[in-house]
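Asker: Data file query00.cif (mmCIF, N, CA and C atoms and all ligand atoms) is appended below.
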data_input
loop_
_atom_site.label_atom_id
_atom_site.label_comp_id
_atom_site.auth_asym_id
_atom_site.auth_seq_id
_atom_site.Cartn_x
_atom_site.Cartn_y
_atom_site.Cartn_z
N MET A 1 114.41 71.09 125.55
CA MET A 1 113.08 71.50 125.06
C MET A 1 112.03 70.46 125.49
N ALA A 2 110.96 70.95 126.16
CA ALA A 2 109.90 70.05 126.59
C ALA A 2 109.22 69.45 125.36
N GLU A 3 108.80 68.20 125.50
CA GLU A 3 108.12 67.48 124.41
C GLU A 3 106.86 68.24 123.97
N GLY A 4 106.68 68.38 122.66
CA GLY A 4 105.46 69.03 122.14
C GLY A 4 105.41 70.53 122.34
N LYS A 5 106.57 71.15 122.57
CA LYS A 5 106.60 72.61 122.76
C LYS A 5 107.43 73.25 121.66
N LEU A 6 107.25 74.56 121.52
CA LEU A 6 108.03 75.35 120.55
C LEU A 6 108.77 76.43 121.32
N LEU A 7 110.03 76.64 121.00
CA LEU A 7 110.73 77.78 121.58
C LEU A 7 110.50 78.98 120.66
N LEU A 8 109.84 80.01 121.19
CA LEU A 8 109.63 81.23 120.40
C LEU A 8 110.64 82.28 120.86
N GLU A 9 111.44 82.75 119.90
CA GLU A 9 112.39 83.82 120.21
C GLU A 9 112.12 84.99 119.29
N ILE A 10 111.97 86.18 119.88
CA ILE A 10 111.76 87.40 119.08
C ILE A 10 112.93 88.32 119.38
N VAL A 11 113.70 88.62 118.32
CA VAL A 11 114.92 89.42 118.48
C VAL A 11 114.83 90.62 117.55
N THR A 12 115.26 91.78 118.04
CA THR A 12 115.35 92.99 117.21
C THR A 12 116.77 93.55 117.37
N PRO A 13 117.12 94.58 116.59
CA PRO A 13 118.45 95.18 116.78
C PRO A 13 118.61 95.74 118.20
N GLN A 14 117.49 96.02 118.87
CA GLN A 14 117.55 96.53 120.25
C GLN A 14 117.80 95.42 121.28
N GLY A 15 117.60 94.17 120.87
CA GLY A 15 117.84 93.06 121.80
C GLY A 15 116.74 92.03 121.78
N LEU A 16 116.76 91.17 122.80
CA LEU A 16 115.80 90.07 122.90
C LEU A 16 114.48 90.59 123.48
N VAL A 17 113.39 90.37 122.74
CA VAL A 17 112.08 90.82 123.20
C VAL A 17 111.36 89.71 123.95
N PHE A 18 111.58 88.46 123.50
CA PHE A 18 110.83 87.34 124.09
C PHE A 18 111.56 86.04 123.82
N SER A 19 111.60 85.17 124.80
CA SER A 19 112.17 83.84 124.61
C SER A 19 111.51 82.89 125.60
N GLU A 20 110.52 82.15 125.11
CA GLU A 20 109.81 81.20 125.99
C GLU A 20 109.32 80.01 125.19
N GLU A 21 109.06 78.93 125.91
CA GLU A 21 108.45 77.76 125.28
C GLU A 21 106.95 77.99 125.21
N VAL A 22 106.38 77.77 124.02
CA VAL A 22 104.94 77.99 123.83
C VAL A 22 104.33 76.79 123.09
N ASP A 23 103.00 76.83 122.93
CA ASP A 23 102.32 75.71 122.26
C ASP A 23 102.03 75.99 120.79
N GLU A 24 101.88 77.28 120.44
CA GLU A 24 101.45 77.62 119.09
C GLU A 24 101.84 79.07 118.80
N VAL A 25 102.18 79.35 117.54
CA VAL A 25 102.54 80.71 117.14
C VAL A 25 101.79 81.05 115.86
N THR A 26 101.27 82.27 115.75
CA THR A 26 100.78 82.75 114.45
C THR A 26 101.45 84.09 114.17
N ALA A 27 101.78 84.33 112.91
CA ALA A 27 102.48 85.57 112.55
C ALA A 27 102.05 86.01 111.16
N THR A 28 102.43 87.26 110.82
CA THR A 28 102.04 87.82 109.53
C THR A 28 103.22 87.76 108.56
N GLY A 29 103.22 86.73 107.72
CA GLY A 29 104.27 86.59 106.71
C GLY A 29 103.94 87.45 105.50
N SER A 30 104.94 87.67 104.62
CA SER A 30 104.66 88.51 103.46
C SER A 30 103.64 87.85 102.52
N GLU A 31 103.49 86.52 102.63
CA GLU A 31 102.49 85.82 101.81
C GLU A 31 101.17 85.63 102.56
N GLY A 32 101.09 86.18 103.74
CA GLY A 32 99.86 86.04 104.53
C GLY A 32 100.14 85.48 105.91
N GLU A 33 99.08 85.35 106.68
CA GLU A 33 99.24 84.85 108.05
C GLU A 33 99.58 83.36 108.04
N PHE A 34 100.44 82.93 108.95
CA PHE A 34 100.73 81.50 109.06
C PHE A 34 100.72 81.07 110.52
N GLY A 35 100.42 79.81 110.72
CA GLY A 35 100.39 79.25 112.07
C GLY A 35 101.41 78.14 112.19
N VAL A 36 102.00 78.02 113.36
CA VAL A 36 103.01 76.98 113.59
C VAL A 36 102.69 76.22 114.86
N LEU A 37 102.67 74.91 114.73
CA LEU A 37 102.55 74.01 115.88
C LEU A 37 103.85 73.22 115.98
N PRO A 38 104.13 72.57 117.10
CA PRO A 38 105.34 71.76 117.19
C PRO A 38 105.38 70.72 116.06
N GLU A 39 106.58 70.40 115.63
CA GLU A 39 106.82 69.42 114.54
C GLU A 39 106.42 69.97 113.17
N HIS A 40 106.35 71.26 113.04
CA HIS A 40 106.04 71.87 111.74
C HIS A 40 107.22 71.63 110.79
N VAL A 41 106.90 71.54 109.50
CA VAL A 41 107.96 71.42 108.49
C VAL A 41 108.78 72.73 108.50
N PRO A 42 110.11 72.65 108.54
CA PRO A 42 110.92 73.88 108.60
C PRO A 42 110.75 74.76 107.36
N PHE A 43 110.72 76.06 107.57
CA PHE A 43 110.69 77.02 106.46
C PHE A 43 111.16 78.38 106.94
N ILE A 44 111.47 79.22 105.95
CA ILE A 44 111.86 80.60 106.26
C ILE A 44 110.94 81.51 105.47
N THR A 45 110.48 82.58 106.09
CA THR A 45 109.65 83.54 105.36
C THR A 45 109.98 84.96 105.81
N THR A 46 109.68 85.91 104.94
CA THR A 46 109.81 87.31 105.36
C THR A 46 108.51 87.72 106.05
N LEU A 47 108.63 88.72 106.89
CA LEU A 47 107.48 89.18 107.66
C LEU A 47 107.07 90.58 107.23
N LYS A 48 105.79 90.87 107.42
CA LYS A 48 105.29 92.22 107.16
C LYS A 48 105.04 92.89 108.51
N ILE A 49 104.56 94.10 108.47
CA ILE A 49 104.09 94.75 109.69
C ILE A 49 102.84 94.00 110.12
N GLY A 50 102.78 93.53 111.34
CA GLY A 50 101.59 92.80 111.73
C GLY A 50 101.60 92.35 113.18
N ILE A 51 100.64 91.49 113.47
CA ILE A 51 100.45 90.99 114.83
C ILE A 51 101.00 89.58 114.91
N LEU A 52 101.74 89.30 115.96
CA LEU A 52 102.19 87.92 116.22
C LEU A 52 101.50 87.50 117.51
N THR A 53 100.95 86.30 117.50
CA THR A 53 100.38 85.79 118.75
C THR A 53 101.04 84.47 119.09
N CYS A 54 101.15 84.21 120.39
CA CYS A 54 101.57 82.87 120.80
C CYS A 54 100.65 82.40 121.91
N ARG A 55 100.38 81.12 121.89
CA ARG A 55 99.51 80.53 122.91
C ARG A 55 100.35 79.61 123.79
N LYS A 56 100.12 79.79 125.07
CA LYS A 56 100.81 78.94 126.04
C LYS A 56 99.72 78.42 126.95
N GLY A 57 99.30 77.18 126.78
CA GLY A 57 98.15 76.67 127.52
C GLY A 57 96.92 77.48 127.13
N SER A 58 96.24 78.06 128.12
CA SER A 58 95.04 78.85 127.81
C SER A 58 95.36 80.34 127.67
N GLU A 59 96.64 80.69 127.80
CA GLU A 59 97.02 82.10 127.74
C GLU A 59 97.54 82.46 126.35
N THR A 60 97.03 83.58 125.80
CA THR A 60 97.53 84.05 124.50
C THR A 60 98.22 85.39 124.68
N LYS A 61 99.42 85.52 124.12
CA LYS A 61 100.15 86.79 124.19
C LYS A 61 100.18 87.40 122.79
N PHE A 62 100.16 88.74 122.76
CA PHE A 62 100.16 89.47 121.49
C PHE A 62 101.42 90.33 121.40
N PHE A 63 101.96 90.40 120.19
CA PHE A 63 103.15 91.21 119.94
C PHE A 63 102.95 92.02 118.66
N PHE A 64 103.56 93.19 118.64
CA PHE A 64 103.68 93.94 117.40
C PHE A 64 105.02 93.53 116.77
N VAL A 65 105.01 93.23 115.46
CA VAL A 65 106.25 92.88 114.77
C VAL A 65 106.30 93.63 113.44
N SER A 66 107.45 94.25 113.15
CA SER A 66 107.57 95.03 111.92
C SER A 66 108.76 94.55 111.09
N TRP A 67 108.45 94.02 109.91
CA TRP A 67 109.44 93.53 108.94
C TRP A 67 110.38 92.48 109.55
N GLY A 68 111.20 91.90 108.70
CA GLY A 68 112.19 90.93 109.16
C GLY A 68 111.91 89.53 108.63
N TYR A 69 112.38 88.54 109.39
CA TYR A 69 112.29 87.14 108.97
C TYR A 69 111.74 86.26 110.07
N ALA A 70 111.12 85.16 109.65
CA ALA A 70 110.78 84.10 110.61
C ALA A 70 111.47 82.84 110.13
N GLU A 71 112.15 82.18 111.02
CA GLU A 71 112.77 80.90 110.70
C GLU A 71 112.08 79.85 111.56
N VAL A 72 111.40 78.93 110.88
CA VAL A 72 110.63 77.92 111.60
C VAL A 72 111.35 76.58 111.54
N GLY A 73 111.58 76.00 112.69
CA GLY A 73 112.17 74.66 112.77
C GLY A 73 111.17 73.73 113.45
N HIS A 74 111.55 72.45 113.63
CA HIS A 74 110.61 71.49 114.25
C HIS A 74 110.16 71.92 115.64
N ASP A 75 111.08 72.50 116.39
CA ASP A 75 110.72 72.85 117.77
C ASP A 75 111.08 74.29 118.11
N LYS A 76 111.24 75.14 117.06
CA LYS A 76 111.46 76.54 117.39
C LYS A 76 111.04 77.51 116.30
N VAL A 77 110.69 78.71 116.71
CA VAL A 77 110.35 79.78 115.78
C VAL A 77 111.22 80.98 116.17
N MET A 78 112.09 81.37 115.23
CA MET A 78 112.97 82.52 115.47
C MET A 78 112.43 83.70 114.68
N ILE A 79 112.17 84.77 115.34
CA ILE A 79 111.70 85.98 114.66
C ILE A 79 112.81 87.03 114.76
N LEU A 80 113.24 87.51 113.62
CA LEU A 80 114.28 88.55 113.58
C LEU A 80 113.61 89.75 112.92
N ALA A 81 113.30 90.76 113.71
CA ALA A 81 112.47 91.85 113.19
C ALA A 81 113.13 93.21 113.35
N ASP A 82 112.71 94.16 112.52
CA ASP A 82 113.18 95.55 112.64
C ASP A 82 112.78 96.13 113.99
N SER A 83 111.51 95.93 114.33
CA SER A 83 111.06 96.33 115.66
C SER A 83 109.95 95.38 116.11
N ALA A 84 109.86 95.21 117.41
CA ALA A 84 108.86 94.31 117.99
C ALA A 84 108.63 94.71 119.43
N GLU A 85 107.38 94.63 119.85
CA GLU A 85 107.07 94.93 121.25
C GLU A 85 106.02 93.96 121.77
N ARG A 86 106.08 93.65 123.05
CA ARG A 86 105.00 92.91 123.70
C ARG A 86 103.83 93.89 123.79
N SER A 87 102.59 93.34 123.76
CA SER A 87 101.42 94.23 123.77
C SER A 87 101.46 95.18 124.97
N GLU A 88 101.92 94.68 126.10
CA GLU A 88 101.90 95.52 127.32
C GLU A 88 102.94 96.63 127.28
N ASP A 89 103.89 96.54 126.33
CA ASP A 89 104.92 97.59 126.23
C ASP A 89 104.57 98.66 125.19
N ILE A 90 103.43 98.48 124.51
CA ILE A 90 103.05 99.46 123.49
C ILE A 90 102.54 100.73 124.15
N ASP A 91 103.13 101.84 123.75
CA ASP A 91 102.73 103.16 124.24
C ASP A 91 101.68 103.71 123.27
N VAL A 92 100.43 103.68 123.69
CA VAL A 92 99.32 104.04 122.80
C VAL A 92 99.39 105.50 122.36
N GLU A 93 99.74 106.38 123.30
CA GLU A 93 99.82 107.80 122.96
C GLU A 93 100.88 108.03 121.88
N ARG A 94 102.00 107.34 122.03
CA ARG A 94 103.07 107.46 121.03
C ARG A 94 102.59 106.97 119.66
N ALA A 95 101.87 105.85 119.66
CA ALA A 95 101.35 105.31 118.39
C ALA A 95 100.33 106.28 117.77
N ARG A 96 99.49 106.88 118.62
CA ARG A 96 98.49 107.84 118.10
C ARG A 96 99.18 109.05 117.48
N ALA A 97 100.24 109.52 118.16
CA ALA A 97 100.98 110.69 117.65
C ALA A 97 101.65 110.32 116.32
N ALA A 98 102.20 109.10 116.24
CA ALA A 98 102.86 108.64 115.01
C ALA A 98 101.84 108.55 113.87
N MET A 99 100.64 108.12 114.22
CA MET A 99 99.57 107.98 113.22
C MET A 99 99.22 109.36 112.64
N LYS A 100 99.09 110.34 113.54
CA LYS A 100 98.74 111.70 113.13
C LYS A 100 99.84 112.29 112.23
N ARG A 101 101.09 112.10 112.66
CA ARG A 101 102.23 112.61 111.88
C ARG A 101 102.22 112.00 110.48
N ALA A 102 102.02 110.68 110.43
CA ALA A 102 102.04 109.98 109.14
C ALA A 102 100.92 110.46 108.24
N GLU A 103 99.74 110.67 108.81
CA GLU A 103 98.60 111.14 108.01
C GLU A 103 98.88 112.53 107.43
N GLU A 104 99.48 113.39 108.25
CA GLU A 104 99.83 114.74 107.78
C GLU A 104 100.83 114.66 106.63
N ARG A 105 101.84 113.78 106.80
CA ARG A 105 102.87 113.65 105.75
C ARG A 105 102.26 113.11 104.46
N MET A 106 101.33 112.18 104.60
CA MET A 106 100.74 111.57 103.40
C MET A 106 99.95 112.59 102.58
N LYS A 107 99.46 113.63 103.25
CA LYS A 107 98.69 114.66 102.53
C LYS A 107 99.58 115.45 101.58
N LYS A 108 100.85 115.65 102.00
CA LYS A 108 101.72 116.52 101.20
C LYS A 108 102.82 115.78 100.44
N ALA A 109 103.09 114.54 100.84
CA ALA A 109 104.32 113.89 100.39
C ALA A 109 104.36 113.50 98.92
N GLU A 110 105.57 113.45 98.39
CA GLU A 110 105.83 112.91 97.06
C GLU A 110 105.96 111.39 97.21
N GLU A 111 106.08 110.70 96.07
CA GLU A 111 106.08 109.24 96.01
C GLU A 111 106.85 108.50 97.13
N ILE A 112 108.17 108.77 97.24
CA ILE A 112 109.00 108.02 98.19
C ILE A 112 108.58 108.29 99.63
N ASP A 113 108.38 109.56 99.93
CA ASP A 113 107.98 109.92 101.29
C ASP A 113 106.58 109.41 101.60
N PHE A 114 105.75 109.33 100.56
CA PHE A 114 104.40 108.82 100.76
C PHE A 114 104.47 107.37 101.23
N LYS A 115 105.30 106.58 100.56
CA LYS A 115 105.44 105.16 100.91
C LYS A 115 105.94 105.01 102.35
N ARG A 116 106.91 105.87 102.70
CA ARG A 116 107.48 105.82 104.05
C ARG A 116 106.41 106.19 105.09
N ALA A 117 105.65 107.23 104.75
CA ALA A 117 104.60 107.67 105.68
C ALA A 117 103.50 106.60 105.79
N GLU A 118 103.24 105.95 104.67
CA GLU A 118 102.22 104.90 104.65
C GLU A 118 102.62 103.74 105.58
N ALA A 119 103.92 103.38 105.52
CA ALA A 119 104.42 102.29 106.37
C ALA A 119 104.36 102.72 107.85
N ALA A 120 104.71 103.99 108.11
CA ALA A 120 104.65 104.51 109.49
C ALA A 120 103.21 104.46 109.99
N LEU A 121 102.27 104.80 109.09
CA LEU A 121 100.85 104.77 109.47
C LEU A 121 100.43 103.33 109.79
N GLU A 122 100.88 102.39 108.96
CA GLU A 122 100.51 100.99 109.19
C GLU A 122 101.07 100.49 110.53
N ARG A 123 102.31 100.89 110.84
CA ARG A 123 102.89 100.48 112.14
C ARG A 123 102.06 101.05 113.28
N ALA A 124 101.74 102.34 113.16
CA ALA A 124 101.01 102.99 114.24
C ALA A 124 99.60 102.39 114.40
N MET A 125 98.94 102.09 113.26
CA MET A 125 97.59 101.53 113.33
C MET A 125 97.62 100.13 113.93
N THR A 126 98.65 99.35 113.55
CA THR A 126 98.75 97.99 114.08
C THR A 126 99.02 98.03 115.58
N ARG A 127 99.88 98.98 116.00
CA ARG A 127 100.17 99.09 117.44
C ARG A 127 98.89 99.46 118.22
N THR A 128 98.11 100.39 117.69
CA THR A 128 96.90 100.78 118.42
C THR A 128 95.88 99.62 118.43
N GLN A 129 95.87 98.87 117.34
CA GLN A 129 94.97 97.71 117.27
C GLN A 129 95.33 96.68 118.36
N ILE A 130 96.63 96.43 118.51
CA ILE A 130 97.07 95.46 119.53
C ILE A 130 96.76 96.00 120.93
N ALA A 131 96.99 97.30 121.12
CA ALA A 131 96.69 97.90 122.42
C ALA A 131 95.20 97.78 122.73
N GLU A 132 94.37 97.89 121.70
CA GLU A 132 92.92 97.77 121.88
C GLU A 132 92.56 96.32 122.25
N ILE A 133 93.19 95.36 121.57
CA ILE A 133 92.94 93.93 121.90
C ILE A 133 93.30 93.70 123.37
N ARG A 134 94.45 94.26 123.78
CA ARG A 134 94.90 94.10 125.18
C ARG A 134 93.88 94.70 126.14
N ARG A 135 93.34 95.89 125.76
CA ARG A 135 92.39 96.58 126.64
C ARG A 135 91.10 95.77 126.80
N MET A 136 90.68 95.08 125.72
CA MET A 136 89.41 94.35 125.73
C MET A 136 89.50 93.03 126.49
N ARG A 137 90.72 92.59 126.79
CA ARG A 137 90.85 91.25 127.40
C ARG A 137 90.85 91.28 128.92
P1 LIG B 1 107.84 106.41 116.22
O1 LIG B 1 107.65 107.40 115.10
O2 LIG B 1 106.92 106.66 117.40
O3 LIG B 1 109.29 106.18 116.61
P2 LIG B 1 108.01 104.11 114.49
O4 LIG B 1 106.94 103.25 113.92
O5 LIG B 1 108.79 104.94 113.52
O6 LIG B 1 107.33 105.01 115.64
P3 LIG B 1 109.87 101.97 114.86
O7 LIG B 1 110.91 102.42 113.88
O8 LIG B 1 108.95 100.85 114.47
O9 LIG B 1 109.01 103.24 115.35
O10 LIG B 1 110.59 101.57 116.23
C1 LIG B 1 111.64 102.31 116.83
C2 LIG B 1 111.77 101.85 118.28
O11 LIG B 1 110.72 102.42 119.06
C3 LIG B 1 111.65 100.35 118.46
O12 LIG B 1 112.47 99.98 119.54
C4 LIG B 1 110.18 100.15 118.81
O13 LIG B 1 109.99 98.97 119.57
C5 LIG B 1 109.87 101.41 119.61
N1 LIG B 1 108.49 101.89 119.48
C6 LIG B 1 107.98 102.60 118.43
N2 LIG B 1 106.71 102.95 118.66
C7 LIG B 1 106.39 102.43 119.88
C8 LIG B 1 105.20 102.44 120.69
N3 LIG B 1 104.08 103.03 120.29
N4 LIG B 1 105.25 101.82 121.89
C9 LIG B 1 106.37 101.22 122.32
N5 LIG B 1 107.52 101.16 121.61
C10 LIG B 1 107.53 101.76 120.41
#
Re-express the file's structure as structure tokens.
Answerer:
Amino acid sequence: MAEGKLLLEIVTPQGLVFSEEVDEVTATGSEGEFGVLPEHVPFITTLKIGILTCRKGSETKFFFVSWGYAEVGHDKVMILADSAERSEDIDVERARAAMKRAEERMKKAEEIDFKRAEAALERAMTRTQIAEIRRMR
């Protein structure tokens, strides 16, 4: 590991999404957004549906991350998530279709299905938000 760097690994049940040395990571923990620099105090937190960013020099990368855990060590951040994608792999049309489906379900659904549809809507909205950030850059 290079001095002053963090190894960021993002893993899902589908496999390894990302594994690179970076300078800084921010992610959406269940208690709110957190930032990690090298030599951070180790901790573990659960993650919500949200945006993860990492900075490598002057370059910032964006990821969609849904649920799971972050394990932070002095020189590494391990993300174990239900699903995760690099911003460039997000299919906007698919996210828009998912958003529409979820909205339709929320109109008719009972309690449990409503919660499920709400989470699907949040995933779809976050994906489109990341795709929009990518488009603006
Ligand atoms: P959908 O209803 O479109 O499947 P979802 O939110 O239910 O969306 P997830 O359960 O979060 O999907 O993910 C299932 C798999 O599909 C994961 O591998 C995830 O990375 C991928 N995926 C889901 N939506 C998209 C998208 N818009 N672009 C790229 N990959 C996606």
Asker: Just the number, please: distance in Å from atom N of Leu6 in chain A to CA of Thr60 in chain A, one decimal.
Answerer: 13.9 Å
Asker: List all protein, DNA and RNA residues that have any atom at most 5 Å from ligand LIG 1 (chain B), counting all atoms listed in the file, and write the list as a ChimeraX atom specification.
Answerer: /A:83-84,89-91,94-95,98
Asker: So, with all atoms listed in the file as the atoms that count, which of A:His40, A:Cys54, A:Lys61, A:Val11 lies closest to Asp23 in chain A?
Answerer: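 Looking at the shortest contact to Asp23 in chain A, the residue is A:Cys54.
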Asker: Just the number, please: distance in Å from atom N of Glu93 in chain A to CA of Phe62 in chain A, one decimal.
Answerer: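 Between these atoms lies a distance of 17.0 Å.
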Asker: Could the residues of range 21-91 of chain A that have an atom at most 9 Å from range 117-135 of chain A be listed as CSV, each with its closest atom pair and the distance in Å to one decimal, counting only C-alpha atoms and ordered by chain and ascending residue number?
Answerer:
residue,atom,partner,partner_atom,distance
A:Ile49,CA,A:Arg123,CA,6.3
A:Gly50,CA,A:Thr126,CA,6.4
A:Ile51,CA,A:Thr126,CA,7.2
A:Phe62,CA,A:Ile130,CA,7.0
A:Phe63,CA,A:Ile130,CA,7.4
A:Phe64,CA,A:Arg127,CA,6.2
A:Val65,CA,A:Arg123,CA,8.7
A:Ser66,CA,A:Arg123,CA,7.2
A:Glu85,CA,A:Arg127,CA,8.9
A:Ser87,CA,A:Ala131,CA,6.1
A:Glu88,CA,A:Arg134,CA,7.5
A:Ile90,CA,A:Ala131,CA,6.6
A:Asp91,CA,A:Ala131,CA,8.2
Asker: Can you pull out every residue from range 1-130 of chain A that DSSP, working from the backbone, puts in helix (DSSP H, G or I), and format the result as a count of residues only?
Answerer: 40
Asker: Mind completing range 50-68 of chain A with N, CA, C and O atoms? Output as a PDB file, in the frame of the given file, please?
Answerer:
ATOM      1  N   GLY A  50     102.780  93.530 111.340  1.00  0.00           N
ATOM      2  CA  GLY A  50     101.590  92.800 111.730  1.00  0.00           C
ATOM      3  C   GLY A  50     101.600  92.350 113.180  1.00  0.00           C
ATOM      4  O   GLY A  50     102.445  92.757 113.973  1.00  0.00           O
ATOM      5  N   ILE A  51     100.640  91.490 113.470  1.00  0.00           N
ATOM      6  CA  ILE A  51     100.450  90.990 114.830  1.00  0.00           C
ATOM      7  C   ILE A  51     101.000  89.580 114.910  1.00  0.00           C
ATOM      8  O   ILE A  51     100.753  88.766 114.025  1.00  0.00           O
ATOM      9  N   LEU A  52     101.740  89.300 115.960  1.00  0.00           N
ATOM     10  CA  LEU A  52     102.190  87.920 116.220  1.00  0.00           C
ATOM     11  C   LEU A  52     101.500  87.500 117.510  1.00  0.00           C
ATOM     12  O   LEU A  52     101.451  88.270 118.474  1.00  0.00           O
ATOM     13  N   THR A  53     100.950  86.300 117.500  1.00  0.00           N
ATOM     14  CA  THR A  53     100.380  85.790 118.750  1.00  0.00           C
ATOM     15  C   THR A  53     101.040  84.470 119.090  1.00  0.00           C
ATOM     16  O   THR A  53     101.470  83.727 118.201  1.00  0.00           O
ATOM     17  N   CYS A  54     101.150  84.210 120.390  1.00  0.00           N
ATOM     18  CA  CYS A  54     101.570  82.870 120.800  1.00  0.00           C
ATOM     19  C   CYS A  54     100.650  82.400 121.910  1.00  0.00           C
ATOM     20  O   CYS A  54     100.161  83.205 122.706  1.00  0.00           O
ATOM     21  N   ARG A  55     100.380  81.120 121.890  1.00  0.00           N
ATOM     22  CA  ARG A  55      99.510  80.530 122.910  1.00  0.00           C
ATOM     23  C   ARG A  55     100.350  79.610 123.790  1.00  0.00           C
ATOM     24  O   ARG A  55     101.177  78.833 123.303  1.00  0.00           O
ATOM     25  N   LYS A  56     100.120  79.790 125.070  1.00  0.00           N
ATOM     26  CA  LYS A  56     100.810  78.940 126.040  1.00  0.00           C
ATOM     27  C   LYS A  56      99.720  78.420 126.950  1.00  0.00           C
ATOM     28  O   LYS A  56      99.179  79.197 127.758  1.00  0.00           O
ATOM     29  N   GLY A  57      99.300  77.180 126.780  1.00  0.00           N
ATOM     30  CA  GLY A  57      98.150  76.670 127.520  1.00  0.00           C
ATOM     31  C   GLY A  57      96.920  77.480 127.130  1.00  0.00           C
ATOM     32  O   GLY A  57      96.627  77.624 125.950  1.00  0.00           O
ATOM     33  N   SER A  58      96.240  78.060 128.120  1.00  0.00           N
ATOM     34  CA  SER A  58      95.040  78.850 127.810  1.00  0.00           C
ATOM     35  C   SER A  58      95.360  80.340 127.670  1.00  0.00           C
ATOM     36  O   SER A  58      94.474  81.143 127.453  1.00  0.00           O
ATOM     37  N   GLU A  59      96.640  80.690 127.800  1.00  0.00           N
ATOM     38  CA  GLU A  59      97.020  82.100 127.740  1.00  0.00           C
ATOM     39  C   GLU A  59      97.540  82.460 126.350  1.00  0.00           C
ATOM     40  O   GLU A  59      98.362  81.734 125.777  1.00  0.00           O
ATOM     41  N   THR A  60      97.030  83.580 125.800  1.00  0.00           N
ATOM     42  CA  THR A  60      97.530  84.050 124.500  1.00  0.00           C
ATOM     43  C   THR A  60      98.220  85.390 124.680  1.00  0.00           C
ATOM     44  O   THR A  60      97.683  86.279 125.338  1.00  0.00           O
ATOM     45  N   LYS A  61      99.420  85.520 124.120  1.00  0.00           N
ATOM     46  CA  LYS A  61     100.150  86.790 124.190  1.00  0.00           C
ATOM     47  C   LYS A  61     100.180  87.400 122.790  1.00  0.00           C
ATOM     48  O   LYS A  61     100.265  86.684 121.798  1.00  0.00           O
ATOM     49  N   PHE A  62     100.160  88.740 122.760  1.00  0.00           N
ATOM     50  CA  PHE A  62     100.160  89.470 121.490  1.00  0.00           C
ATOM     51  C   PHE A  62     101.420  90.330 121.400  1.00  0.00           C
ATOM     52  O   PHE A  62     101.829  90.944 122.383  1.00  0.00           O
ATOM     53  N   PHE A  63     101.960  90.400 120.190  1.00  0.00           N
ATOM     54  CA  PHE A  63     103.150  91.210 119.940  1.00  0.00           C
ATOM     55  C   PHE A  63     102.950  92.020 118.660  1.00  0.00           C
ATOM     56  O   PHE A  63     102.304  91.552 117.720  1.00  0.00           O
ATOM     57  N   PHE A  64     103.560  93.190 118.640  1.00  0.00           N
ATOM     58  CA  PHE A  64     103.680  93.940 117.400  1.00  0.00           C
ATOM     59  C   PHE A  64     105.020  93.530 116.770  1.00  0.00           C
ATOM     60  O   PHE A  64     106.034  93.476 117.469  1.00  0.00           O
ATOM     61  N   VAL A  65     105.010  93.230 115.460  1.00  0.00           N
ATOM     62  CA  VAL A  65     106.250  92.880 114.770  1.00  0.00           C
ATOM     63  C   VAL A  65     106.300  93.630 113.440  1.00  0.00           C
ATOM     64  O   VAL A  65     105.318  93.666 112.699  1.00  0.00           O
ATOM     65  N   SER A  66     107.450  94.250 113.150  1.00  0.00           N
ATOM     66  CA  SER A  66     107.570  95.030 111.920  1.00  0.00           C
ATOM     67  C   SER A  66     108.760  94.550 111.090  1.00  0.00           C
ATOM     68  O   SER A  66     109.898  94.669 111.532  1.00  0.00           O
ATOM     69  N   TRP A  67     108.450  94.020 109.910  1.00  0.00           N
ATOM     70  CA  TRP A  67     109.440  93.530 108.940  1.00  0.00           C
ATOM     71  C   TRP A  67     110.380  92.480 109.550  1.00  0.00           C
ATOM     72  O   TRP A  67     110.337  92.216 110.734  1.00  0.00           O
ATOM     73  N   GLY A  68     111.200  91.900 108.700  1.00  0.00           N
ATOM     74  CA  GLY A  68     112.190  90.930 109.160  1.00  0.00           C
ATOM     75  C   GLY A  68     111.910  89.530 108.630  1.00  0.00           C
ATOM     76  O   GLY A  68     111.287  89.370 107.559  1.00  0.00           O
TER      77      GLY A  68
END
